[in-house]
Amino acid sequence: MIFYFNFTNTFFDAIIRNVISKCNIFKGGYTVNELINVIKDTVKPNFLNIKTSIQTYDRDALCCGAPCWRWLYHALHSADKWFINPYEYEEPDFHEEGLDNPDNPATVVLSDEQLLEYLERIEKKTFDYLDALTDEMLYDKPEKCPYTRLELVLRQYRHISFHTGMLNGQTALATGKFPMWVSETGKYVDDGIFFGRYRKGRVGP
């Protein structure tokens, strides 16, 4: 099985090279759905990191004219809509038109508890979706969608990480401390201590 990539974007190219390296596609070590497994393994930290953002940010602090919780919802809504197929999508019950755009005024106010519950639903939905895919399906375009499944996945890696960093930057400016950040799921420590760990499994000095 041979794959050809022609990514000009440096970010995407770096991810693809990393995935290829892990999968050993060109080394004769490729196994069934290994690429899917790599995606599942690497998307989990994205969800953990944005969860930490919710648990540490000042939701009402303004960022570019909108409260931080609106930017958080923007990131979550995008992951919910764009990770799978944005052209075949049902809005969540609490959504109102324009709520996902922080520049738009909105009458709905979502609590952090609602946002955390929404994140849990998105994570389950995402992993259920990935469990139903094969590696070959990543190079197909979902119905009505101009992007391949792999492109949709990579776009959400970028988007979630961008807004997580944006929110954590706000927190760091306000508190002088950077929230816990993990690159691997196994480094996440669920003990309610959100500061003093930067890709570490222990509380720093």
# chains A, B, ... in the order shown; residues from 1 in each chain; ligands from 1
>>> residues_around(residues="Lys44 of chain A", least_positions_apart="3", cutoff="12 Å", atoms="only C-alpha atoms", output="list in words")
Asn37, Val38, Ile39, Lys40, Asp41, Phe47, Leu48, Asn49, Ile50, Lys51, Leu119, Glu120, Ile122, Glu123, Lys124, Thr126, Phe127, Leu130, Tyr157, Ile160, Ser161, Val182, Ser183, Glu184, Thr185, Gly186, Lys187 and Tyr188 of chain A
>>> select_by_dssp(residues="segment 12-180 of chain A", states="helix (DSSP H, G or I)", output="PyMOL selection string")
chain A and resi 12-23+25-27+34-56+68-82+112-131+135-139+149-175
>>> select_by_dssp(residues="segment 5-174 of chain A", states="strand (DSSP E or B)", output="list in words")
Leu62, Cys63, Ala66 and Pro67 of chain A
>>> write_last_selection(atoms="N, CA and C atoms", output="PDB file, in the first residue's frame")
ATOM      1  N   LEU A  62     -12.708  39.388  29.147  1.00  0.00           N
ATOM      2  CA  LEU A  62     -12.877  39.707  27.736  1.00  0.00           C
ATOM      3  C   LEU A  62     -11.608  39.396  26.949  1.00  0.00           C
ATOM      4  N   CYS A  63     -11.814  38.788  25.805  1.00  0.00           N
ATOM      5  CA  CYS A  63     -10.732  38.517  24.858  1.00  0.00           C
ATOM      6  C   CYS A  63     -11.210  38.975  23.486  1.00  0.00           C
ATOM      7  N   ALA A  66     -15.008  39.729  23.438  1.00  0.00           N
ATOM      8  CA  ALA A  66     -16.003  38.706  23.803  1.00  0.00           C
ATOM      9  C   ALA A  66     -15.530  37.963  25.046  1.00  0.00           C
ATOM     10  N   PRO A  67     -16.457  37.539  25.912  1.00  0.00           N
ATOM     11  CA  PRO A  67     -16.053  36.778  27.093  1.00  0.00           C
ATOM     12  C   PRO A  67     -15.404  35.451  26.699  1.00  0.00           C
TER      13      PRO A  67
END
>>> residues_around(residues="Leu150 of chain A", least_positions_apart="3", cutoff="9 Å", atoms="only C-alpha atoms", output="list in words")
Met137, Leu138, Tyr139, Asp140, Lys141, Tyr147, Val153, Leu154 and Arg155 of chain A
>>> closest_residue(among="A:Glu151, A:Asp112, A:Gln55, A:Val32", to="Asp190 of chain A", atoms="only C-alpha atoms")
A:Gln55
>>> decode(residues="segment 121-134 of chain A", atoms="N, CA and C atoms", output="PDB file, in the first residue's frame")
ATOM      1  N   ARG A 121     -19.617  14.942  25.501  1.00  0.00           N
ATOM      2  CA  ARG A 121     -20.413  14.422  24.388  1.00  0.00           C
ATOM      3  C   ARG A 121     -19.612  14.445  23.090  1.00  0.00           C
ATOM      4  N   ILE A 122     -18.872  15.526  22.865  1.00  0.00           N
ATOM      5  CA  ILE A 122     -18.058  15.636  21.650  1.00  0.00           C
ATOM      6  C   ILE A 122     -16.986  14.560  21.632  1.00  0.00           C
ATOM      7  N   GLU A 123     -16.353  14.340  22.773  1.00  0.00           N
ATOM      8  CA  GLU A 123     -15.294  13.336  22.843  1.00  0.00           C
ATOM      9  C   GLU A 123     -15.840  11.947  22.543  1.00  0.00           C
ATOM     10  N   LYS A 124     -16.971  11.600  23.142  1.00  0.00           N
ATOM     11  CA  LYS A 124     -17.575  10.285  22.879  1.00  0.00           C
ATOM     12  C   LYS A 124     -17.959  10.158  21.410  1.00  0.00           C
ATOM     13  N   LYS A 125     -18.589  11.197  20.873  1.00  0.00           N
ATOM     14  CA  LYS A 125     -18.997  11.196  19.467  1.00  0.00           C
ATOM     15  C   LYS A 125     -17.787  11.018  18.553  1.00  0.00           C
ATOM     16  N   THR A 126     -16.695  11.702  18.873  1.00  0.00           N
ATOM     17  CA  THR A 126     -15.485  11.629  18.052  1.00  0.00           C
ATOM     18  C   THR A 126     -14.889  10.227  18.066  1.00  0.00           C
ATOM     19  N   PHE A 127     -14.788   9.619  19.238  1.00  0.00           N
ATOM     20  CA  PHE A 127     -14.183   8.293  19.320  1.00  0.00           C
ATOM     21  C   PHE A 127     -15.100   7.214  18.732  1.00  0.00           C
ATOM     22  N   ASP A 128     -16.400   7.383  18.872  1.00  0.00           N
ATOM     23  CA  ASP A 128     -17.329   6.456  18.212  1.00  0.00           C
ATOM     24  C   ASP A 128     -17.155   6.527  16.700  1.00  0.00           C
ATOM     25  N   TYR A 129     -16.979   7.728  16.197  1.00  0.00           N
ATOM     26  CA  TYR A 129     -16.758   7.939  14.765  1.00  0.00           C
ATOM     27  C   TYR A 129     -15.459   7.287  14.314  1.00  0.00           C
ATOM     28  N   LEU A 130     -14.387   7.527  15.036  1.00  0.00           N
ATOM     29  CA  LEU A 130     -13.096   6.951  14.668  1.00  0.00           C
ATOM     30  C   LEU A 130     -13.117   5.431  14.729  1.00  0.00           C
ATOM     31  N   ASP A 131     -13.853   4.886  15.688  1.00  0.00           N
ATOM     32  CA  ASP A 131     -13.959   3.431  15.808  1.00  0.00           C
ATOM     33  C   ASP A 131     -14.629   2.802  14.594  1.00  0.00           C
ATOM     34  N   ALA A 132     -15.425   3.604  13.891  1.00  0.00           N
ATOM     35  CA  ALA A 132     -16.159   3.087  12.728  1.00  0.00           C
ATOM     36  C   ALA A 132     -15.390   3.262  11.419  1.00  0.00           C
ATOM     37  N   LEU A 133     -14.209   3.872  11.462  1.00  0.00           N
ATOM     38  CA  LEU A 133     -13.441   4.146  10.256  1.00  0.00           C
ATOM     39  C   LEU A 133     -12.328   3.125  10.043  1.00  0.00           C
ATOM     40  N   THR A 134     -11.906   3.022   8.799  1.00  0.00           N
ATOM     41  CA  THR A 134     -10.669   2.329   8.455  1.00  0.00           C
ATOM     42  C   THR A 134      -9.678   3.382   7.955  1.00  0.00           C
TER      43      THR A 134
END
